[in-house]
$ cat final-v8.csv   # CSV, C-alpha atoms (C1' of nucleotides)
chain,number,residue,atom,x,y,z
A,1,MET,CA,6.7,4.0,-19.9
A,2,ALA,CA,8.4,4.2,-16.5
A,3,GLY,CA,6.6,6.3,-14.1
A,4,ASN,CA,3.4,6.2,-12.2
A,5,PHE,CA,2.6,2.6,-11.9
A,6,GLN,CA,2.4,0.9,-8.6
A,7,ILE,CA,2.6,-2.7,-7.6
A,8,THR,CA,0.4,-4.0,-4.8
A,9,ASP,CA,1.5,-6.7,-2.4
A,10,ALA,CA,-0.3,-9.4,-4.1
A,11,GLU,CA,0.8,-8.4,-7.6
A,12,TRP,CA,4.4,-8.2,-6.3
A,13,GLU,CA,4.3,-11.9,-5.6
A,14,VAL,CA,3.6,-12.5,-9.3
A,15,MET,CA,6.3,-10.1,-10.4
A,16,ARG,CA,8.9,-11.8,-8.3
A,17,VAL,CA,8.1,-15.1,-10.0
A,18,VAL,CA,8.4,-13.5,-13.5
A,19,TRP,CA,11.5,-11.7,-12.6
A,20,THR,CA,13.0,-14.9,-11.4
A,21,LEU,CA,11.9,-17.2,-14.2
A,22,ASN,CA,12.5,-14.5,-16.7
A,23,GLN,CA,9.5,-15.8,-18.6
A,24,ALA,CA,6.7,-17.8,-17.3
A,25,THR,CA,3.3,-19.3,-18.1
A,26,SER,CA,0.3,-18.7,-15.8
A,27,LYS,CA,0.7,-22.2,-14.6
A,28,ASP,CA,4.3,-21.7,-13.7
A,29,ILE,CA,3.3,-18.7,-11.6
A,30,ALA,CA,0.2,-20.3,-10.2
A,31,ASP,CA,2.1,-23.4,-9.0
A,32,ILE,CA,4.6,-21.3,-7.2
A,33,LEU,CA,2.1,-19.1,-5.6
A,34,TRP,CA,0.0,-22.0,-4.6
A,35,THR,CA,3.0,-23.3,-2.8
A,36,LYS,CA,3.8,-20.1,-1.2
A,37,LYS,CA,0.4,-18.5,-0.6
A,38,ASN,CA,-2.1,-21.2,-1.3
A,39,TRP,CA,-3.6,-19.1,-3.9
A,40,LYS,CA,-6.1,-20.8,-6.2
A,41,GLN,CA,-5.1,-20.6,-9.9
A,42,ALA,CA,-8.0,-18.2,-10.4
A,43,THR,CA,-6.4,-15.7,-8.0
A,44,THR,CA,-3.1,-15.8,-9.8
A,45,LYS,CA,-4.9,-15.4,-13.1
A,46,THR,CA,-6.6,-12.3,-11.9
A,47,LEU,CA,-3.4,-10.8,-10.7
A,48,ILE,CA,-1.7,-11.6,-14.0
A,49,GLY,CA,-4.6,-10.0,-15.8
A,50,ARG,CA,-4.3,-6.9,-13.8
A,51,LEU,CA,-0.5,-6.7,-14.3
A,52,VAL,CA,-0.9,-7.1,-18.1
A,53,HIS,CA,-3.6,-4.5,-18.0
A,54,LYS,CA,-1.3,-2.1,-16.1
A,55,GLY,CA,1.5,-2.8,-18.6
A,56,LEU,CA,3.7,-4.4,-16.1
A,57,LEU,CA,3.7,-7.7,-17.8
A,58,ASN,CA,4.1,-8.4,-21.5
A,59,THR,CA,2.6,-11.3,-23.3
A,60,GLU,CA,4.0,-13.4,-26.0
A,61,LYS,CA,1.7,-16.0,-27.6
A,62,ASP,CA,2.8,-19.6,-27.3
A,63,GLY,CA,0.3,-21.9,-28.7
A,64,ASN,CA,-2.9,-21.6,-26.8
A,65,ARG,CA,-1.3,-19.7,-24.0
A,66,TYR,CA,1.0,-16.9,-23.1
A,67,GLN,CA,4.5,-16.5,-22.0
A,68,TYR,CA,4.6,-13.6,-19.6
A,69,ARG,CA,7.6,-11.4,-19.2
A,70,ALA,CA,8.2,-8.4,-16.9
A,71,ALA,CA,7.8,-5.0,-18.6
A,72,VAL,CA,9.8,-3.3,-15.8
A,73,ASN,CA,12.8,-4.9,-14.3
A,74,LYS,CA,13.2,-5.9,-10.8
A,75,SER,CA,15.5,-3.0,-9.8
A,76,GLU,CA,13.0,-0.5,-11.1
A,77,GLY,CA,10.3,-2.2,-9.1
A,78,ILE,CA,12.3,-2.2,-6.0
A,79,LYS,CA,13.4,1.3,-6.5
A,80,LEU,CA,9.8,2.4,-6.8
A,81,PHE,CA,9.2,1.0,-3.4
A,82,GLU,CA,12.3,2.5,-1.9
A,83,THR,CA,11.2,5.8,-3.2
A,84,LYS,CA,7.9,5.3,-1.5
A,85,LEU,CA,9.6,4.7,1.8
A,86,LEU,CA,11.8,7.8,1.4
A,87,GLY,CA,8.8,9.8,0.4
A,88,ARG,CA,7.3,9.2,3.8
A,89,VAL,CA,10.1,10.8,5.8
A,90,CYS,CA,11.9,14.1,6.0
A,91,ASN,CA,15.0,14.2,3.8
A,92,LYS,CA,17.0,14.9,6.9
A,93,ASP,CA,15.9,11.6,8.3
A,94,ILE,CA,16.9,9.4,5.5
A,95,GLY,CA,20.3,8.7,6.9
A,96,LYS,CA,18.7,7.5,10.0
A,97,VAL,CA,16.3,5.4,8.0
A,98,ILE,CA,19.1,3.7,6.2
A,99,ALA,CA,20.9,3.1,9.5
A,100,SER,CA,17.7,1.6,10.9
A,101,ILE,CA,17.3,-0.7,7.9
A,102,MET,CA,20.9,-1.7,8.3
A,103,ALA,CA,20.3,-2.5,11.9
A,104,GLU,CA,17.5,-4.8,11.3
A,105,ALA,CA,19.1,-6.6,8.3
A,106,THR,CA,21.4,-9.5,8.2
A,107,LEU,CA,24.4,-8.6,6.2
A,108,SER,CA,27.3,-10.6,4.8
A,109,HIS,CA,30.9,-9.5,4.7
A,110,ASP,CA,30.5,-8.9,1.0
A,111,ASP,CA,27.5,-6.7,1.7
A,112,ILE,CA,29.5,-4.7,4.2
A,113,THR,CA,32.2,-4.2,1.7
A,114,LEU,CA,29.7,-3.2,-0.9
A,115,LEU,CA,28.2,-0.7,1.5
A,116,GLU,CA,31.5,0.7,2.6
A,117,GLU,CA,32.3,1.4,-1.0
A,118,ALA,CA,29.0,2.9,-1.6
A,119,LEU,CA,29.4,5.1,1.4
A,120,GLN,CA,32.8,6.1,0.3
A,121,GLU,CA,31.3,7.2,-3.0
A,122,LYS,CA,28.7,9.2,-1.2
A,123,LYS,CA,31.4,11.1,0.6
A,124,ASN,CA,32.2,13.0,-2.5
A,125,GLU,CA,28.7,14.3,-2.9
A,126,ALA,CA,27.9,14.7,0.8
A,127,VAL,CA,26.5,18.0,1.9
A,128,ASP,CA,26.9,19.8,5.1
A,129,GLU,CA,23.2,19.8,5.8
A,130,VAL,CA,20.5,18.0,4.0
A,131,ARG,CA,17.6,20.2,3.0
A,132,CYS,CA,14.3,19.4,4.5
A,133,GLY,CA,11.5,19.5,2.0
A,134,CYS,CA,8.7,19.1,4.4
A,135,VAL,CA,5.9,21.4,4.9
A,136,LYS,CA,5.7,23.1,8.3
A,137,GLY,CA,4.0,20.9,10.7
A,138,GLN,CA,5.2,17.6,9.3
A,139,CYS,CA,8.7,17.7,10.6
A,140,LEU,CA,10.6,19.4,13.3
A,141,CYS,CA,13.1,21.1,11.0
A,142,LYS,CA,10.6,24.0,10.7
A,143,THR,CA,9.8,25.7,13.9
A,144,VAL,CA,6.4,24.5,15.0
A,145,ASN,CA,3.8,26.5,16.8
B,1,MET,CA,-0.1,-3.4,21.1
B,2,ALA,CA,2.5,-3.2,18.4
B,3,GLY,CA,2.0,-5.6,15.6
B,4,ASN,CA,-0.3,-5.9,12.7
B,5,PHE,CA,-1.4,-2.4,12.0
B,6,GLN,CA,-0.7,-0.7,8.8
B,7,ILE,CA,-0.8,3.0,7.8
B,8,THR,CA,-2.0,4.0,4.5
B,9,ASP,CA,-0.4,6.8,2.5
B,10,ALA,CA,-3.2,9.3,3.4
B,11,GLU,CA,-3.2,8.2,7.0
B,12,TRP,CA,0.6,8.7,7.1
B,13,GLU,CA,0.1,12.4,6.3
B,14,VAL,CA,-1.9,12.7,9.5
B,15,MET,CA,0.5,10.7,11.6
B,16,ARG,CA,3.4,12.9,10.5
B,17,VAL,CA,1.6,15.9,11.8
B,18,VAL,CA,0.8,14.3,15.1
B,19,TRP,CA,4.3,13.0,15.4
B,20,THR,CA,5.6,16.5,14.7
B,21,LEU,CA,3.3,18.5,16.9
B,22,ASN,CA,3.3,15.8,19.5
B,23,GLN,CA,-0.3,16.6,20.3
B,24,ALA,CA,-2.8,18.2,17.9
B,25,THR,CA,-6.4,19.1,17.4
B,26,SER,CA,-8.2,18.1,14.3
B,27,LYS,CA,-8.0,21.7,13.2
B,28,ASP,CA,-4.2,21.8,13.6
B,29,ILE,CA,-4.0,18.8,11.4
B,30,ALA,CA,-6.6,19.9,8.9
B,31,ASP,CA,-4.9,23.2,8.4
B,32,ILE,CA,-1.5,21.6,7.7
B,33,LEU,CA,-3.0,19.1,5.3
B,34,TRP,CA,-5.0,21.7,3.6
B,35,THR,CA,-1.8,23.5,2.9
B,36,LYS,CA,0.0,20.5,1.8
B,37,LYS,CA,-2.6,18.4,0.1
B,38,ASN,CA,-5.6,20.7,-0.3
B,39,TRP,CA,-7.7,18.3,1.7
B,40,LYS,CA,-11.0,19.5,3.0
B,41,GLN,CA,-11.4,19.3,6.7
B,42,ALA,CA,-13.9,16.5,6.2
B,43,THR,CA,-11.2,14.4,4.6
B,44,THR,CA,-8.8,15.0,7.5
B,45,LYS,CA,-11.5,14.2,9.9
B,46,THR,CA,-12.2,10.9,8.3
B,47,LEU,CA,-8.6,9.9,8.4
B,48,ILE,CA,-8.3,10.9,12.0
B,49,GLY,CA,-11.4,8.9,12.8
B,50,ARG,CA,-9.9,5.8,11.1
B,51,LEU,CA,-6.6,6.2,12.9
B,52,VAL,CA,-8.4,6.5,16.2
B,53,HIS,CA,-10.4,3.4,15.3
B,54,LYS,CA,-7.3,1.5,14.5
B,55,GLY,CA,-5.7,2.5,17.7
B,56,LEU,CA,-3.0,4.5,16.1
B,57,LEU,CA,-4.1,7.8,17.6
B,58,ASN,CA,-5.2,8.3,21.2
B,59,THR,CA,-7.6,11.0,22.2
B,60,GLU,CA,-7.7,13.2,25.2
B,61,LYS,CA,-10.7,15.3,25.8
B,62,ASP,CA,-10.1,19.0,25.8
B,63,GLY,CA,-13.4,20.9,26.1
B,64,ASN,CA,-15.6,20.1,23.2
B,65,ARG,CA,-12.8,18.6,21.2
B,66,TYR,CA,-9.9,16.2,21.4
B,67,GLN,CA,-6.2,16.5,21.6
B,68,TYR,CA,-4.8,13.7,19.5
B,69,ARG,CA,-1.6,11.9,20.2
B,70,ALA,CA,0.2,9.1,18.4
B,71,ALA,CA,-0.2,5.7,19.9
B,72,VAL,CA,2.8,4.4,18.1
B,73,ASN,CA,5.9,6.5,17.7
B,74,LYS,CA,7.5,7.6,14.5
B,75,SER,CA,10.3,5.1,14.6
B,76,GLU,CA,7.9,2.3,14.9
B,77,GLY,CA,5.8,3.6,12.1
B,78,ILE,CA,8.9,4.0,9.8
B,79,LYS,CA,10.2,0.6,10.8
B,80,LEU,CA,7.0,-1.0,9.8
B,81,PHE,CA,7.4,0.4,6.4
B,82,GLU,CA,11.0,-0.6,6.2
B,83,THR,CA,10.0,-4.1,7.1
B,84,LYS,CA,7.5,-4.0,4.3
B,85,LEU,CA,10.2,-3.1,1.8
B,86,LEU,CA,12.6,-5.7,3.1
B,87,GLY,CA,9.8,-8.3,2.9
B,88,ARG,CA,9.5,-7.7,-0.8
B,89,VAL,CA,13.0,-8.9,-1.6
B,90,CYS,CA,15.3,-11.8,-1.0
B,91,ASN,CA,17.3,-11.5,2.1
B,92,LYS,CA,20.4,-11.8,0.0
B,93,ASP,CA,19.5,-8.7,-1.8
B,94,ILE,CA,19.0,-6.5,1.2
B,95,GLY,CA,22.6,-5.2,1.0
B,96,LYS,CA,22.0,-4.1,-2.5
B,97,VAL,CA,18.7,-2.5,-1.6
B,98,ILE,CA,20.4,-0.5,1.1
B,99,ALA,CA,23.1,0.5,-1.4
B,100,SER,CA,20.4,1.5,-3.8
B,101,ILE,CA,18.7,3.7,-1.3
B,102,MET,CA,22.0,5.2,-0.3
B,103,ALA,CA,22.6,6.0,-4.0
B,104,GLU,CA,19.4,7.9,-4.4
B,105,ALA,CA,19.6,9.7,-1.1
B,106,THR,CA,21.2,13.0,-0.3
B,107,LEU,CA,23.4,12.5,2.7
B,108,SER,CA,25.2,14.9,5.0
B,109,HIS,CA,28.7,14.3,6.3
B,110,ASP,CA,27.1,13.5,9.6
B,111,ASP,CA,24.9,10.9,8.0
B,112,ILE,CA,28.0,9.4,6.5
B,113,THR,CA,29.6,9.2,9.8
B,114,LEU,CA,26.5,7.7,11.4
B,115,LEU,CA,26.4,5.1,8.6
B,116,GLU,CA,30.0,4.3,8.9
B,117,GLU,CA,29.6,3.6,12.5
B,118,ALA,CA,26.5,1.6,11.9
B,119,LEU,CA,28.4,-0.4,9.3
B,120,GLN,CA,31.2,-0.9,11.7
B,121,GLU,CA,28.8,-2.3,14.1
B,122,LYS,CA,27.4,-4.7,11.6
B,123,LYS,CA,30.8,-6.1,10.9
B,124,ASN,CA,30.7,-7.9,14.2
B,125,GLU,CA,27.6,-9.8,13.3
B,126,ALA,CA,28.2,-10.1,9.6
B,127,VAL,CA,27.8,-13.6,8.2
B,128,ASP,CA,29.6,-15.3,5.4
B,129,GLU,CA,26.5,-15.8,3.4
B,130,VAL,CA,23.0,-14.5,4.0
B,131,ARG,CA,20.4,-17.1,4.0
B,132,CYS,CA,17.8,-16.8,1.4
B,133,GLY,CA,14.3,-17.3,2.7
B,134,CYS,CA,12.5,-17.3,-0.6
B,135,VAL,CA,10.5,-20.1,-2.0
B,136,LYS,CA,11.8,-21.7,-5.1
B,137,GLY,CA,10.7,-19.6,-8.1
B,138,GLN,CA,10.9,-16.3,-6.4
B,139,CYS,CA,14.6,-15.7,-6.3
B,140,LEU,CA,17.5,-17.1,-8.1
B,141,CYS,CA,19.2,-18.5,-5.0
B,142,LYS,CA,17.3,-21.6,-5.6
B,143,THR,CA,18.1,-23.4,-8.8
B,144,VAL,CA,15.3,-22.7,-11.2
B,145,ASN,CA,15.4,-25.4,-13.8
C,1,DG,C1',-30.8,33.4,25.3
C,2,DT,C1',-30.6,32.7,20.5
C,3,DT,C1',-27.6,31.9,16.7
C,4,DA,C1',-23.5,30.9,14.4
C,5,DT,C1',-19.5,28.0,14.4
C,6,DA,C1',-16.4,24.5,15.3
C,7,DG,C1',-15.7,19.7,16.3
C,8,DG,C1',-16.9,14.9,16.2
C,9,DT,C1',-19.7,11.2,14.0
C,10,DT,C1',-22.4,9.1,10.2
C,11,DT,C1',-23.1,8.3,5.7
C,12,DA,C1',-21.4,8.3,0.8
C,13,DC,C1',-19.3,6.7,-3.1
C,14,DA,C1',-16.2,5.4,-6.7
C,15,DA,C1',-11.6,3.1,-7.2
C,16,DT,C1',-8.5,-0.4,-5.9
C,17,DC,C1',-7.3,-4.8,-3.7
C,18,DG,C1',-7.5,-9.6,-2.3
C,19,DT,C1',-9.5,-13.6,-3.3
C,20,DA,C1',-11.9,-16.5,-6.3
C,21,DA,C1',-15.8,-18.9,-9.2
C,22,DA,C1',-17.8,-19.3,-13.7
C,23,DC,C1',-17.6,-19.2,-18.5
C,24,DG,C1',-16.0,-20.0,-23.2
C,25,DA,C1',-12.5,-21.6,-26.4
C,26,DT,C1',-9.1,-24.7,-27.5
C,27,DT,C1',-6.0,-28.4,-27.3
C,28,DA,C1',-4.8,-32.9,-25.6
C,29,DA,C1',-6.2,-37.4,-24.2
C,30,DA,C1',-9.0,-41.5,-24.7
D,1,DT,C1',-14.3,-37.9,-32.3
D,2,DT,C1',-16.0,-37.4,-28.0
D,3,DT,C1',-14.3,-35.9,-23.7
D,4,DA,C1',-11.5,-34.0,-20.4
D,5,DA,C1',-8.1,-30.8,-19.1
D,6,DT,C1',-6.1,-26.2,-19.8
D,7,DC,C1',-5.9,-21.3,-20.5
D,8,DG,C1',-7.5,-16.7,-20.9
D,9,DT,C1',-11.5,-13.7,-19.9
D,10,DT,C1',-15.6,-12.1,-17.4
D,11,DT,C1',-18.0,-11.5,-13.4
D,12,DA,C1',-18.2,-11.4,-8.2
D,13,DC,C1',-17.9,-9.6,-3.9
D,14,DG,C1',-16.5,-7.9,0.4
D,15,DA,C1',-12.7,-4.9,2.4
D,16,DT,C1',-9.9,-1.0,2.2
D,17,DT,C1',-8.6,3.6,0.5
D,18,DG,C1',-9.1,8.3,-1.0
D,19,DT,C1',-12.0,12.0,-0.8
D,20,DA,C1',-15.8,14.4,1.0
D,21,DA,C1',-20.7,16.0,2.3
D,22,DA,C1',-24.2,15.9,5.8
D,23,DC,C1',-25.6,15.9,10.4
D,24,DC,C1',-25.6,16.6,15.3
D,25,DT,C1',-24.0,18.7,19.4
D,26,DA,C1',-21.7,21.7,22.3
D,27,DT,C1',-19.5,26.0,22.7
D,28,DA,C1',-18.7,30.9,21.5
D,29,DA,C1',-20.5,35.2,19.8
D,30,DC,C1',-24.2,38.6,19.9
$ encode --input "final-v8.csv" --output "structure tokens"
Amino acid sequence: MAGNFQITDAEWEVMRVVWTLNQATSKDIADILWTKKNWKQATTKTLIGRLVHKGLLNTEKDGNRYQYRAAVNKSEGIKLFETKLLGRVCNKDIGKVIASIMAEATLSHDDITLLEEALQEKKNEAVDEVRCGCVKGQCLCKTVN
Amino acid sequence: MAGNFQITDAEWEVMRVVWTLNQATSKDIADILWTKKNWKQATTKTLIGRLVHKGLLNTEKDGNRYQYRAAVNKSEGIKLFETKLLGRVCNKDIGKVIASIMAEATLSHDDITLLEEALQEKKNEAVDEVRCGCVKGQCLCKTVN
DNA sequence: GTTATAGGTTTACAATCGTAAACGATTAAA
DNA sequence: TTTAATCGTTTACGATTGTAAACCTATAAC
């Protein structure tokens, strides 16, 4: 089931609501997205329909309407997007990308602690040199021209 | 000039080549993307055209053809995508997102060092609690009935 | 000089995306 | 019970994306 799905920006707004409420009706979702994005209910309905179709939302009948639930959890969804970011850069640059994200993020002391631990973890499996997986011409690891 | 541009997946492939070669002809790019993606030259040409149109590639005449150069540098491009990722989650979750990326990345000892330093930096500006900027209903920071 | 070739520009075209109205069925209100 | 509000489904429609062929022009080869 996991795999090759993708969540567009607009669909993501819907998923966030469902992830948060855990279970929601189209009205629940529409109300929130009206507040946030001024989307007409019709717009939200379309997005819900597409997500159901894609198998990203499950439905459970509840009278004349549905309760929607996420078919993929939030971490999976986020991870999918993380992977997309990492897929855009050379493996060797990922460290720098992480540093860059860190730089532009506001972090709490707890976050710092969390990351320090995570980093500590990574030390065990750190390599001397990350392997570049790029084709020649898409990163400088390979000699160009 | 910086701002509201966006680079699609396919366009990104072109940008990576230009960022790498620093300057390239359409043939340079097409050859590389043929190797990597089996794209016909026509496809690459279309992408180049769109990027020029968007102002993401600059042209410099060179005989009967152009030398293309990136109008935004790689870091900017990557940062744009990072921002997009961060925009999808609650500010409070960014620490966890970073940890998650770290977890799925292969890092070198040097990367670890770099990140340790970056983290150290962040300590100075770390806050007690990150402010959630979400609307109610899109993250659990706000009480949801 | 005529022709083949390479490079840029135009046109194409289906799929996806963002945004929404219209429609039909059903339930709740009057 | 007639009506109004609600909910899901269908249809709409322009913009963007992925993928490419066709075309036109200027060089390069003969």
$ residues_around --input "final-v8.csv" --residues "DG18 of chain D" --least-positions-apart "5" --cutoff "12 Å" --atoms "all atoms listed in the file" --output "short mmCIF file (atom, residue, chain, number, x, y, z; two decimals) with C-alpha atoms (C1' of nucleotides), in the frame of the given file"
data_model
loop_
_atom_site.label_atom_id
_atom_site.label_comp_id
_atom_site.auth_asym_id
_atom_site.auth_seq_id
_atom_site.Cartn_x
_atom_site.Cartn_y
_atom_site.Cartn_z
CA THR B 8 -2.00 4.00 4.50
CA ASP B 9 -0.40 6.80 2.50
CA ALA B 10 -3.20 9.30 3.40
CA GLU B 11 -3.20 8.20 7.00
CA TRP B 39 -7.70 18.30 1.70
CA ALA B 42 -13.90 16.50 6.20
CA THR B 43 -11.20 14.40 4.60
CA THR B 44 -8.80 15.00 7.50
CA THR B 46 -12.20 10.90 8.30
CA LEU B 47 -8.60 9.90 8.40
"C1'" DC C 13 -19.30 6.70 -3.10
"C1'" DA C 14 -16.20 5.40 -6.70
"C1'" DA C 15 -11.60 3.10 -7.20
"C1'" DT C 16 -8.50 -0.40 -5.90
#
$ interface_residues --input "final-v8.csv" --of "chain C" --to "chain B" --cutoff "9 Å" --atoms "only C-alpha atoms (C1' of nucleotides)" --output "compact mmCIF listing (two decimals) with C-alpha atoms (C1' of nucleotides), in the coordinates of the input"
# COMPACT_ATOMS: atom_id res chain seq x y z
C1' DG C 7 -15.70 19.70 16.30
C1' DG C 8 -16.90 14.90 16.20
C1' DT C 9 -19.70 11.20 14.00
$ interface_residues --input "final-v8.csv" --of "chain B" --to "chain A" --cutoff "7 Å" --atoms "all atoms listed in the file" --output "PyMOL selection string"
chain B and resi 16-17+20-21+32+36+81-82+85+95+98-99+101+106-109+111-112+115+118-119+123+126-130+135+137-140
$ residues_around --input "final-v8.csv" --residues "DT6 of chain D" --least-positions-apart "5" --cutoff "9 Å" --atoms "only C-alpha atoms (C1' of nucleotides)" --output "MDAnalysis selection string"
(chainID A and resid 64) or (chainID C and resid 26:28)
$ closest_residue --input "final-v8.csv" --among "D:DT2, D:DT9, D:DG14, D:DA26" --to "chain B" --atoms "all atoms listed in the file"
D:DA26
$ atom_distance --input "final-v8.csv" --atom1 "atom CA of Leu56 of chain A" --atom2 "atom C1' of DG8 of chain D"
17.3 Å
$ atom_distance --input "final-v8.csv" --atom1 "atom CA of Gln23 of chain B" --atom2 "atom CA of Ala70 of chain B"
7.8 Å
$ interface_residues --input "final-v8.csv" --of "chain D" --to "chain B" --cutoff "12 Å" --atoms "all atoms listed in the file" --output "list in words"
DT16, DT17, DG18, DT19, DA20, DA21, DA22, DT25, DA26, DT27 and DA28 of chain D
$ write_last_selection --input "final-v8.csv" --atoms "C-alpha atoms (C1' of nucleotides)" --output "short mmCIF file (atom, residue, chain, number, x, y, z; two decimals), in the coordinates of the input"
data_model
loop_
_atom_site.label_atom_id
_atom_site.label_comp_id
_atom_site.auth_asym_id
_atom_site.auth_seq_id
_atom_site.Cartn_x
_atom_site.Cartn_y
_atom_site.Cartn_z
"C1'" DT D 16 -9.90 -1.00 2.20
"C1'" DT D 17 -8.60 3.60 0.50
"C1'" DG D 18 -9.10 8.30 -1.00
"C1'" DT D 19 -12.00 12.00 -0.80
"C1'" DA D 20 -15.80 14.40 1.00
"C1'" DA D 21 -20.70 16.00 2.30
"C1'" DA D 22 -24.20 15.90 5.80
"C1'" DT D 25 -24.00 18.70 19.40
"C1'" DA D 26 -21.70 21.70 22.30
"C1'" DT D 27 -19.50 26.00 22.70
"C1'" DA D 28 -18.70 30.90 21.50
#
$ atom_distance --input "final-v8.csv" --atom1 "atom C1' of DC7 of chain D" --atom2 "atom CA of Arg50 of chain A"
16.0 Å
$ residues_around --input "final-v8.csv" --residues "DA15 of chain D" --least-positions-apart "3" --cutoff "12 Å" --atoms "only C-alpha atoms (C1' of nucleotides)" --output "list of chain:residue names"
C:DT16, C:DC17, C:DG18, C:DT19
